[in-house]
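Trainee: This is the structure I have questions about; it appears just below.
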There are 4 protein chains.
Amino acid sequence: MRKPRQVRSDIAWATPAKIVVHNLDLCEDIVGRLDLGQMAFLEIFARLPEERELRMFNAMMVVLVEHGVTPSSLATRMTVCGAPEAVQAAIAAGLLSLGSVFVGSIDNAARMLQEALADAPAPADADLDAMAVAIVKDYRARREIVPGIGHPFHKPIDPRTPALFKVAAETGFDGRYVALMNKIGAEAAGAAKRDLPVNVTGAMAAIASEFGLNWRMCRGLAVAARAIGLVGHVMEEMRQPMADEIYFRLEQEASAHLRPQE
Amino acid sequence: MRKPRQVRSDIAWATPAKIVVHNLDLCEDIVGRLDLGQMAFLEIFARLPEERELRMFNAMMVVLVEHGVTPSSLATRMTVCGAPEAVQAAIAAGLLSLGSVFVGSIDNAARMLQEALADAPAPADADLDAMAVAIVKDYRARREIVPGIGHPFHKPIDPRTPALFKVAAETGFDGRYVALMNKIGAEAAGAAKRDLPVNVTGAMAAIASEFGLNWRMCRGLAVAARAIGLVGHVMEEMRQPMADEIYFRLEQEASAHLRPQE
Amino acid sequence: MRKPRQVRSDIAWATPAKIVVHNLDLCEDIVGRLDLGQMAFLEIFARLPEERELRMFNAMMVVLVEHGVTPSSLATRMTVCGAPEAVQAAIAAGLLSLGSVFVGSIDNAARMLQEALADAPAPADADLDAMAVAIVKDYRARREIVPGIGHPFHKPIDPRTPALFKVAAETGFDGRYVALMNKIGAEAAGAAKRDLPVNVTGAMAAIASEFGLNWRMCRGLAVAARAIGLVGHVMEEMRQPMADEIYFRLEQEASAHLRPQE
Amino acid sequence: MRKPRQVRSDIAWATPAKIVVHNLDLCEDIVGRLDLGQMAFLEIFARLPEERELRMFNAMMVVLVEHGVTPSSLATRMTVCGAPEAVQAAIAAGLLSLGSVFVGSIDNAARMLQEALADAPAPADADLDAMAVAIVKDYRARREIVPGIGHPFHKPIDPRTPALFKVAAETGFDGRYVALMNKIGAEAAGAAKRDLPVNVTGAMAAIASEFGLNWRMCRGLAVAARAIGLVGHVMEEMRQPMADEIYFRLEQEASAHLRPQE
C-alpha cells in the first residue's frame, strides 16, 4: 500500500482579504506596481528581475508573440468560427500546434546546449570549439538535424537571432551557451556546405540556458508569449472573419477529385 | 454558388529578412525596445499605449496571472503528469476551464455595461442610478445572478477590486463604466440585503469597457494572463509533482463504495 | 470553514488483477464481447442497451463522425503540422470548435424540447401544435433563431434528418420529442415563409431527448463521435499533408495588402 | 517562389442532398446500417471490416475507453467545473494528458516492433528470439525502459493483455508482432530478474501492428476510445460533482506551509 505524500505548492496562497504570490501581496505589491514582463519573470523564476534581466527577458518574450497567419493562428481562427463563445478554447487550440516542428525545437536546442555544458561552468574557447565539432558530428552520424539552426523561410539568416543576441551582448547574457550555439551553427554550416545560422529557436534556447532555465521548460516561454498573440487573432477573426471562407474554398478544392463529373 | 472572398489579416507580414507587426519592425522596433506589456497592448489595440494606458493595462493583466491551486492549474498539472513532453498541451488544458464559472463572467459583466451605456456617452449620475436600478431589477425578475458582483471566498470584499479601481482613478480610467459597475453592486446589495461588492471580474469588465474593448473579447485578456501563470505551474509540477499523489488518493476515495468489503 | 465532502465516482474501480466498469468485468465481460457502440452506450447510460436502443444509438453516433474538410478537421490538421508527435493534441484541437455554431446547437434544441415537454409526459397532438406555435413566436419575438432547423448548405432538406427519423420510427424512438421538433420546423417555416426543415442537430436533439439524455450533455455524443472521425484526418494529414500548403497560400494572400508594392 | 500544390482529401464529399464518406452514402449506407465500431474502422482503414477484423478492432477500442479516476478524467472534471457550457473543451482537456507517460507508449512499442520486423515478413521463431535479445540489450545499453512491458499497478500481470491476446488468437491476429512483443517481455524479465509481462499498451501496439497501422498513429485509437469514456465523466461531474471539493481541499493542503501560523 502506497503511503500518502503531502501535496505542496510554493507559488501562492490566499485568505478572503489577501492573495500572496511568491511572497508578494497581489493587491499591495503587484497590481499597479509590476508590469506584465516583471510578473511573467516572477512566475518563472520565483523572484523579481534585475533591470538587465528584465530587458533580456522581455526581448525573449516579445519575439515569439506574433508571426501572422500560421498553423497556430489558423487553428485559433477555425475554433472561433465554430465556438465564438469559448475564447479560451480558441486560444488553447492555437497553442496546441506549438510542438516539435515549430517552437518545440527550443527544448531540443536547449537540451543539446545544457547537456554539453553541464560539467563545464567556464569552458575555454577551444573547449567550445571541440564541443561544437563533437555535437555536429554526432547528429550527422545519427542522420538527425541539429536543432536551432537554419530556417526554411528566414534565410540566409533569421533576423530575430542578431536582434536577440544584440540585447544579450548589451545585458551580459552572451555567455557560454550563446557562444556554443553560434559555434554549432558555424560547424554545421561547414559540414553541410551551406548557410546554417542560428535561428530564433536556437537563440531562445541559448539565452534561456543563460538564465538557468531547464531545457524541459524552454518551450513554455514561447507558449505563454503566443497566447498573447492569439488574442489578437481571435479579435480580428471576430471583426473580419476568414475561417468560413477558407473552409468553404478548401472543402471544394480538396474533394474535387471525388465528385462525379457533371 | 458562393463567390470567393479575399482572405485578409492586418496584423503582420514577413519577408525572409524582416517581420512586421502592426507596422513595427519586429527586429528593429520591438525586440529590445518594447516590454511584454507594451507588446500585449499592441496585439490587442493595434497601436502602442500612452504611459497612463500602459499602467492601467498592466494592472489588469497582472491581476489574473496567478491564483494558486485552482481547477485551471490542476488541469495543467494532470496533463504534465501524462504528457510532460507536451508543455503546450498542459498550458492549453489549464486554459480550457476559464469559462462561464470563473473568468468568463468578465464577458457577461462587460456586456451588461456596454449594452446599458451604448447610447449614453456622457450619462449624468442620476442616469447611472436609474440604469443600475433597472439592470438589477431585470436580473432579479429573470432569477439570474448579476455578473461581476459578490465572491464565494473573497468576502466581504474582493481585494483586487479596490486595487484595480485605485489604478483606474490614478490613470483616468474611472469613467462611466466603472461608475455604473459600482452602482450595480450597491443596488444589488440593497435588493438582496447582503454585501455584494464588485468582484475582480466586474472590475476587469468595467475597465476593459473604458478601454473600448468589445465584451466578446474581454475574457481573452484573462486567458492570455493565465497562460503566463500556468507556465509557473508546469515548472513546479516538473520539479515537485503533485498530480500522481492526487490521482492515487482520489482514485481510492472515489471508488471506495464500489469495492467489495474485505 | 467548509466541511469536507466525500469524493465519489460510480463509474469504475480496479485492483491489480481486475478492472470493473459499471459492474462489468473489463477483461471478462467487455473485451471480446461488447462492441464499441455497446461500450459507448454503457458509458453514457450506465447499463447495456436493448437491441432497438443500440440500433438507434449507433445511428446517432455514426451520423456526426465525418463531414470532410471542416473548421474542425482543419484545426486538427494545423496541429499535426506543428506537433505531429502529439496526436492527442491534434484531436483535441479539432474538438474545440464544436461549439455554438456547429454541433453545440444540439444542446439548444434539446433544451427547447425538454423545457417544453418537462411537464407533459403524454401530450395530445393539439398540445404539441400549441407548443410549436408558442415556441416559434417566442424566438421570433426575441429575434433569435430557432435551434435545430434549416441548414446553410444542406437544403431544401438536411438528408441526415430523414435517415435518422426513419431509424427512429423503426425502433420506436419517434415519440413526443421527435413530433414536437417536426412541428416546430413546420411552424417556423410558415412564419418565415421559407423551408426550414429539421436539421441534423435538431434530429439528434429530439432523439437524444427520447433517450432521456439531459440537454446539457447532448453535445457530448457529437464530440465523442467526431473524435473518431478526426483520427482519420490525422492519419491522412500524415500521409498526404495539406496544412503547410494552406498555411503558405493564406499567409501570402492575407498579408498581400500590407506588403510594399514592388 | 514556391509553387502552389493541390490540396486534396480522399475522405468525404458532400452536395446539399448527399454526404459520401469513403464511397459510402452516409444517409443510405451508413446511418441505420453500420454500427459505431464499423464506422470507426471505416475512418481508420478506408474500408469496411470483415467479421474477424471487426471483432479484434472492437476489442482494442473498448479496452481503453474507461479507467476510472485518472489524470485524464480529472482534467476533464476540472474543466467542467469552470466551463460547464463547453463540453467539447472538457473532453479535449482530458485527452491532452494521453501523452508519453500513459497511452502514448503505444506508439513507442509499435515503433520498436515495426522497425524490427520491417524487413521480416515471415520470421522464423529463432529470428524472433534473436530480435528480442537484441532489442532488450539495446534499450538496456541506452538505460531506457523497454516500452509496452510492466505496469506500476497491474502486476504481476496486466489483465487486459491476456484478454486482448485471447481475442487475437481467436481471430487470427496473433502473428509475428504479437509473438515478438511476448518474447521481448520474457527477455526483459530475464535480464531485469523480475516479472515484466506485456502491458495493455504493448498488447495494443502489437495488435495494431498486425492490422498494418503505422506506429505514429497507434495512439490515435486510444485517444478516440478515451473521448467516449470522458463523456461519461462529464455527465457524472454534472450530476455529482467532485471538482470543487478536490480543488478546495488541495488549495488548503498545498499552501498550508506558506500561511502564517495562527
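Identifiers for the C-alpha cells are assigned positionally: chains receive A, B, ... in sequence, residues are indexed from 1 per chain, and ligands are indexed from 1 in the order shown.
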Write out as JSON, numbers by chain which residues come within 12 Å of C:Gln240 when counting only C-alpha atoms, dropping same-chain ones fewer than 6 positions away.
Mentor: {"A": [254], "C": [77, 80, 81, 232, 233, 234], "D": [5, 6, 7, 8, 9, 10, 11]}
Trainee: Just the residues within 10 Å of D:Leu26, please, counting only C-alpha atoms, with nothing from its chain fewer than 4 positions along; format it as a ChimeraX atom specification.
Mentor: /C:62-64,66-67,159-160,163 /D:12,14,18-22,30-34
Trainee: Please save N, CA, C and O atoms of the selected residues as a PDB file, in the first residue's frame.
Mentor:
ATOM      1  N   VAL C  62     -22.967   7.464 -35.491  1.00  0.00           N
ATOM      2  CA  VAL C  62     -22.218   7.439 -36.759  1.00  0.00           C
ATOM      3  C   VAL C  62     -22.497   8.668 -37.620  1.00  0.00           C
ATOM      4  O   VAL C  62     -21.663   9.059 -38.427  1.00  0.00           O
ATOM      5  N   VAL C  63     -23.650   9.308 -37.407  1.00  0.00           N
ATOM      6  CA  VAL C  63     -24.033  10.376 -38.345  1.00  0.00           C
ATOM      7  C   VAL C  63     -23.110  11.591 -38.273  1.00  0.00           C
ATOM      8  O   VAL C  63     -22.954  12.321 -39.247  1.00  0.00           O
ATOM      9  N   LEU C  64     -22.495  11.819 -37.118  1.00  0.00           N
ATOM     10  CA  LEU C  64     -21.650  13.018 -36.998  1.00  0.00           C
ATOM     11  C   LEU C  64     -20.153  12.721 -36.949  1.00  0.00           C
ATOM     12  O   LEU C  64     -19.350  13.600 -36.694  1.00  0.00           O
ATOM     13  N   GLU C  66     -18.082  12.120 -39.393  1.00  0.00           N
ATOM     14  CA  GLU C  66     -17.272  12.642 -40.501  1.00  0.00           C
ATOM     15  C   GLU C  66     -18.064  13.644 -41.341  1.00  0.00           C
ATOM     16  O   GLU C  66     -19.211  13.386 -41.699  1.00  0.00           O
ATOM     17  N   HIS C  67     -17.485  14.778 -41.631  1.00  0.00           N
ATOM     18  CA  HIS C  67     -18.080  15.687 -42.605  1.00  0.00           C
ATOM     19  C   HIS C  67     -16.991  16.342 -43.458  1.00  0.00           C
ATOM     20  O   HIS C  67     -17.123  17.500 -43.873  1.00  0.00           O
ATOM     21  N   PRO C 159     -30.308  15.871 -45.479  1.00  0.00           N
ATOM     22  CA  PRO C 159     -30.650  14.458 -45.727  1.00  0.00           C
ATOM     23  C   PRO C 159     -30.444  13.554 -44.519  1.00  0.00           C
ATOM     24  O   PRO C 159     -30.976  12.443 -44.468  1.00  0.00           O
ATOM     25  N   ARG C 160     -29.692  14.024 -43.542  1.00  0.00           N
ATOM     26  CA  ARG C 160     -29.436  13.199 -42.369  1.00  0.00           C
ATOM     27  C   ARG C 160     -30.671  13.070 -41.478  1.00  0.00           C
ATOM     28  O   ARG C 160     -30.827  12.094 -40.747  1.00  0.00           O
ATOM     29  N   ALA C 163     -33.003  10.233 -42.593  1.00  0.00           N
ATOM     30  CA  ALA C 163     -32.284   8.973 -42.323  1.00  0.00           C
ATOM     31  C   ALA C 163     -32.378   8.614 -40.843  1.00  0.00           C
ATOM     32  O   ALA C 163     -32.659   7.466 -40.479  1.00  0.00           O
TER      33      ALA C 163
ATOM     34  N   ALA D  12     -14.064  12.396 -47.770  1.00  0.00           N
ATOM     35  CA  ALA D  12     -15.502  12.627 -47.905  1.00  0.00           C
ATOM     36  C   ALA D  12     -15.800  13.768 -48.871  1.00  0.00           C
ATOM     37  O   ALA D  12     -14.942  14.585 -49.159  1.00  0.00           O
ATOM     38  N   ALA D  14     -19.534  16.210 -50.223  1.00  0.00           N
ATOM     39  CA  ALA D  14     -20.954  16.408 -49.977  1.00  0.00           C
ATOM     40  C   ALA D  14     -21.560  17.320 -51.034  1.00  0.00           C
ATOM     41  O   ALA D  14     -20.889  18.189 -51.592  1.00  0.00           O
ATOM     42  N   LYS D  18     -26.560  15.119 -50.254  1.00  0.00           N
ATOM     43  CA  LYS D  18     -25.849  13.850 -50.101  1.00  0.00           C
ATOM     44  C   LYS D  18     -24.499  14.062 -49.415  1.00  0.00           C
ATOM     45  O   LYS D  18     -23.807  15.033 -49.688  1.00  0.00           O
ATOM     46  N   ILE D  19     -24.115  13.134 -48.560  1.00  0.00           N
ATOM     47  CA  ILE D  19     -22.785  13.152 -47.949  1.00  0.00           C
ATOM     48  C   ILE D  19     -22.175  11.778 -48.198  1.00  0.00           C
ATOM     49  O   ILE D  19     -22.822  10.760 -47.926  1.00  0.00           O
ATOM     50  N   VAL D  20     -20.967  11.752 -48.732  1.00  0.00           N
ATOM     51  CA  VAL D  20     -20.330  10.481 -49.068  1.00  0.00           C
ATOM     52  C   VAL D  20     -19.031  10.347 -48.282  1.00  0.00           C
ATOM     53  O   VAL D  20     -18.190  11.241 -48.316  1.00  0.00           O
ATOM     54  N   VAL D  21     -18.894   9.260 -47.548  1.00  0.00           N
ATOM     55  CA  VAL D  21     -17.702   9.001 -46.734  1.00  0.00           C
ATOM     56  C   VAL D  21     -17.064   7.709 -47.214  1.00  0.00           C
ATOM     57  O   VAL D  21     -17.700   6.649 -47.169  1.00  0.00           O
ATOM     58  N   HIS D  22     -15.832   7.793 -47.669  1.00  0.00           N
ATOM     59  CA  HIS D  22     -15.135   6.617 -48.207  1.00  0.00           C
ATOM     60  C   HIS D  22     -16.047   5.805 -49.125  1.00  0.00           C
ATOM     61  O   HIS D  22     -16.211   4.592 -48.959  1.00  0.00           O
ATOM     62  N   ILE D  30     -24.825   4.146 -44.358  1.00  0.00           N
ATOM     63  CA  ILE D  30     -24.176   4.194 -43.047  1.00  0.00           C
ATOM     64  C   ILE D  30     -25.195   4.304 -41.909  1.00  0.00           C
ATOM     65  O   ILE D  30     -25.279   3.412 -41.063  1.00  0.00           O
ATOM     66  N   VAL D  31     -25.975   5.382 -41.882  1.00  0.00           N
ATOM     67  CA  VAL D  31     -26.949   5.571 -40.793  1.00  0.00           C
ATOM     68  C   VAL D  31     -27.986   4.450 -40.815  1.00  0.00           C
ATOM     69  O   VAL D  31     -28.634   4.233 -41.841  1.00  0.00           O
ATOM     70  N   GLY D  32     -28.106   3.736 -39.722  1.00  0.00           N
ATOM     71  CA  GLY D  32     -29.075   2.645 -39.648  1.00  0.00           C
ATOM     72  C   GLY D  32     -28.501   1.317 -40.090  1.00  0.00           C
ATOM     73  O   GLY D  32     -29.123   0.266 -39.906  1.00  0.00           O
ATOM     74  N   ARG D  33     -27.313   1.343 -40.722  1.00  0.00           N
ATOM     75  CA  ARG D  33     -26.716   0.100 -41.227  1.00  0.00           C
ATOM     76  C   ARG D  33     -25.399  -0.244 -40.542  1.00  0.00           C
ATOM     77  O   ARG D  33     -25.127  -1.403 -40.274  1.00  0.00           O
ATOM     78  N   LEU D  34     -24.568   0.772 -40.326  1.00  0.00           N
ATOM     79  CA  LEU D  34     -23.284   0.485 -39.687  1.00  0.00           C
ATOM     80  C   LEU D  34     -23.353   0.828 -38.204  1.00  0.00           C
ATOM     81  O   LEU D  34     -24.011   1.789 -37.804  1.00  0.00           O
TER      82      LEU D  34
END
Trainee: Produce a table with one row for each residue of chain B that has an atom at most 6 Å from any atom of chain A, each row naming the nearest atom pair and its distance in Å at one decimal; use only C-alpha atoms; arrange rows by chain and rising residue number; format as a Markdown table.
Mentor:
| residue | atom | partner | partner_atom | distance |
| --- | --- | --- | --- | --- |
| B:Val7 | CA | A:Met242 | CA | 5.5 |
| B:Ala12 | CA | A:Gly68 | CA | 4.8 |
| B:Pro16 | CA | A:His154 | CA | 4.0 |
| B:Ala17 | CA | A:Pro159 | CA | 5.8 |
| B:Cys27 | CA | A:Ala163 | CA | 5.5 |
| B:Val31 | CA | A:Ala59 | CA | 4.9 |
| B:Gly32 | CA | A:Ala59 | CA | 5.1 |
| B:Asp35 | CA | A:Asn58 | CA | 5.1 |
| B:Leu36 | CA | A:Gly37 | CA | 5.0 |
| B:Gly37 | CA | A:Leu36 | CA | 5.0 |
| B:Glu43 | CA | A:Gly232 | CA | 5.1 |
| B:Ile44 | CA | A:Gly232 | CA | 5.3 |
| B:Asn58 | CA | A:Asp35 | CA | 5.1 |
| B:Ala59 | CA | A:Val31 | CA | 4.9 |
| B:Val62 | CA | A:Leu36 | CA | 5.9 |
| B:Gly68 | CA | A:Ala12 | CA | 4.8 |
| B:Gln88 | CA | A:Leu96 | CA | 5.7 |
| B:Ala89 | CA | A:Leu96 | CA | 5.6 |
| B:Ala92 | CA | A:Ala92 | CA | 4.5 |
| B:Leu95 | CA | A:Gln88 | CA | 5.9 |
| B:Leu96 | CA | A:Ala89 | CA | 5.6 |
| B:Phe153 | CA | A:Pro16 | CA | 5.6 |
| B:His154 | CA | A:Pro16 | CA | 4.0 |
| B:Lys155 | CA | A:Pro16 | CA | 5.7 |
| B:Pro159 | CA | A:Ala17 | CA | 5.8 |
| B:Arg160 | CA | A:Cys27 | CA | 5.8 |
| B:Ala163 | CA | A:Cys27 | CA | 5.5 |
| B:Val167 | CA | A:Gly32 | CA | 6.0 |
| B:Gly220 | CA | A:Val231 | CA | 5.9 |
| B:Ala224 | CA | A:Ile228 | CA | 5.1 |
| B:Ala227 | CA | A:Ala224 | CA | 5.2 |
| B:Ile228 | CA | A:Ala224 | CA | 5.1 |
| B:Val231 | CA | A:Gly220 | CA | 5.9 |
| B:Gly232 | CA | A:Glu43 | CA | 5.1 |
| B:Met242 | CA | A:Val7 | CA | 5.5 |
Trainee: Save out the residues we just selected, N, CA and C atoms, as a JSON list (two decimals), in the first residue's frame.
Mentor:
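Writing the result to out.json gives the following:
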[["chain", "number", "residue", "atom", "x", "y", "z"],
["B", 7, "VAL", "N", -9.21, 36.70, -48.41],
["B", 7, "VAL", "CA", -8.79, 36.43, -47.04],
["B", 7, "VAL", "C", -7.77, 37.50, -46.66],
["B", 12, "ALA", "N", 0.18, 41.24, -39.44],
["B", 12, "ALA", "CA", 1.63, 41.09, -39.63],
["B", 12, "ALA", "C", 1.95, 40.62, -41.05],
["B", 16, "PRO", "N", 11.82, 37.10, -45.96],
["B", 16, "PRO", "CA", 12.90, 36.36, -45.31],
["B", 16, "PRO", "C", 13.72, 37.22, -44.35],
["B", 17, "ALA", "N", 13.86, 38.50, -44.65],
["B", 17, "ALA", "CA", 14.77, 39.33, -43.86],
["B", 17, "ALA", "C", 14.07, 40.17, -42.80],
["B", 27, "CYS", "N", 12.34, 43.21, -35.45],
["B", 27, "CYS", "CA", 13.75, 43.14, -35.02],
["B", 27, "CYS", "C", 14.34, 44.52, -34.72],
["B", 31, "VAL", "N", 11.96, 44.03, -30.52],
["B", 31, "VAL", "CA", 12.91, 43.28, -29.67],
["B", 31, "VAL", "C", 13.95, 44.24, -29.08],
["B", 32, "GLY", "N", 14.04, 44.27, -27.77],
["B", 32, "GLY", "CA", 15.00, 45.16, -27.11],
["B", 32, "GLY", "C", 14.43, 46.54, -26.81],
["B", 35, "ASP", "N", 8.49, 46.23, -23.98],
["B", 35, "ASP", "CA", 8.37, 45.18, -22.97],
["B", 35, "ASP", "C", 7.10, 44.36, -23.23],
["B", 36, "LEU", "N", 6.91, 43.33, -22.42],
["B", 36, "LEU", "CA", 5.82, 42.40, -22.71],
["B", 36, "LEU", "C", 4.44, 43.07, -22.59],
["B", 37, "GLY", "N", 4.30, 44.00, -21.65],
["B", 37, "GLY", "CA", 3.04, 44.72, -21.52],
["B", 37, "GLY", "C", 2.74, 45.57, -22.75],
["B", 43, "GLU", "N", -0.80, 44.06, -29.57],
["B", 43, "GLU", "CA", -1.58, 42.98, -30.16],
["B", 43, "GLU", "C", -3.08, 43.25, -30.08],
["B", 44, "ILE", "N", -3.48, 43.82, -28.96],
["B", 44, "ILE", "CA", -4.92, 43.95, -28.70],
["B", 44, "ILE", "C", -5.49, 45.23, -29.29],
["B", 58, "ASN", "N", -1.34, 47.08, -17.71],
["B", 58, "ASN", "CA", -0.50, 46.15, -16.94],
["B", 58, "ASN", "C", -1.21, 45.69, -15.66],
["B", 59, "ALA", "N", -1.89, 46.61, -15.00],
["B", 59, "ALA", "CA", -2.59, 46.24, -13.76],
["B", 59, "ALA", "C", -3.66, 45.19, -14.04],
["B", 62, "VAL", "N", -1.82, 41.75, -14.90],
["B", 62, "VAL", "CA", -1.13, 41.02, -13.83],
["B", 62, "VAL", "C", -2.10, 40.44, -12.80],
["B", 68, "GLY", "N", -2.91, 30.43, -7.51],
["B", 68, "GLY", "CA", -2.56, 29.21, -6.78],
["B", 68, "GLY", "C", -3.19, 27.95, -7.35],
["B", 88, "GLN", "N", 2.94, 22.62, -24.31],
["B", 88, "GLN", "CA", 1.86, 23.42, -24.92],
["B", 88, "GLN", "C", 0.50, 22.82, -24.58],
["B", 89, "ALA", "N", 0.41, 21.49, -24.52],
["B", 89, "ALA", "CA", -0.86, 20.85, -24.21],
["B", 89, "ALA", "C", -1.23, 21.06, -22.74],
["B", 92, "ALA", "N", -2.54, 24.59, -22.49],
["B", 92, "ALA", "CA", -3.85, 24.63, -23.13],
["B", 92, "ALA", "C", -4.91, 24.00, -22.23],
["B", 95, "LEU", "N", -6.08, 26.34, -19.62],
["B", 95, "LEU", "CA", -6.89, 27.46, -20.12],
["B", 95, "LEU", "C", -8.33, 27.06, -20.37],
["B", 96, "LEU", "N", -8.55, 25.78, -20.68],
["B", 96, "LEU", "CA", -9.88, 25.36, -21.13],
["B", 96, "LEU", "C", -10.97, 25.53, -20.07],
["B", 153, "PHE", "N", -15.50, 33.36, -1.93],
["B", 153, "PHE", "CA", -14.38, 33.24, -0.99],
["B", 153, "PHE", "C", -13.87, 34.61, -0.56],
["B", 154, "HIS", "N", -13.66, 35.50, -1.50],
["B", 154, "HIS", "CA", -13.14, 36.82, -1.16],
["B", 154, "HIS", "C", -14.29, 37.72, -0.70],
["B", 155, "LYS", "N", -14.60, 37.64, 0.60],
["B", 155, "LYS", "CA", -15.69, 38.44, 1.13],
["B", 155, "LYS", "C", -15.30, 38.98, 2.49],
["B", 159, "PRO", "N", -10.45, 41.85, -2.66],
["B", 159, "PRO", "CA", -9.43, 42.90, -2.50],
["B", 159, "PRO", "C", -8.84, 43.38, -3.83],
["B", 160, "ARG", "N", -9.05, 42.61, -4.89],
["B", 160, "ARG", "CA", -8.49, 43.01, -6.17],
["B", 160, "ARG", "C", -9.24, 44.19, -6.78],
["B", 163, "ALA", "N", -7.91, 47.56, -5.53],
["B", 163, "ALA", "CA", -6.56, 47.71, -6.10],
["B", 163, "ALA", "C", -6.64, 48.16, -7.56],
["B", 167, "VAL", "N", -5.85, 52.19, -9.31],
["B", 167, "VAL", "CA", -5.05, 52.49, -10.51],
["B", 167, "VAL", "C", -5.93, 53.21, -11.54],
["B", 220, "GLY", "N", -10.57, 37.22, -23.19],
["B", 220, "GLY", "CA", -9.27, 36.98, -23.83],
["B", 220, "GLY", "C", -8.10, 37.52, -23.03],
["B", 224, "ALA", "N", -4.96, 35.09, -21.73],
["B", 224, "ALA", "CA", -3.54, 35.31, -22.03],
["B", 224, "ALA", "C", -2.75, 35.47, -20.73],
["B", 227, "ALA", "N", -2.23, 32.11, -19.08],
["B", 227, "ALA", "CA", -1.23, 31.28, -19.76],
["B", 227, "ALA", "C", 0.15, 31.49, -19.14],
["B", 228, "ILE", "N", 0.44, 32.72, -18.79],
["B", 228, "ILE", "CA", 1.73, 33.02, -18.15],
["B", 228, "ILE", "C", 1.82, 32.34, -16.78],
["B", 231, "VAL", "N", 2.58, 28.58, -16.86],
["B", 231, "VAL", "CA", 3.98, 28.18, -17.05],
["B", 231, "VAL", "C", 4.62, 27.90, -15.69],
["B", 232, "GLY", "N", 4.31, 28.75, -14.72],
["B", 232, "GLY", "CA", 4.83, 28.53, -13.37],
["B", 232, "GLY", "C", 4.38, 27.21, -12.78],
["B", 242, "MET", "N", 2.66, 16.96, -7.90],
["B", 242, "MET", "CA", 1.54, 16.62, -7.02],
["B", 242, "MET", "C", 0.49, 15.77, -7.75]]
Trainee: List every residue of stretch 8-254 of chain D that DSSP, applied to the backbone of this structure, assigns to alpha helix (DSSP H), and report them as a ChimeraX atom specification.
Mentor: /D:36-45,51-63,71-82,87-95,105-117,125-141,160-171,176-192,200-210,218-239,243-254
Trainee: Work out how far apart atom CA of A:Ala109 and atom CA of A:Thr201 are and give it in Å to one decimal.
Mentor: 7.5 Å
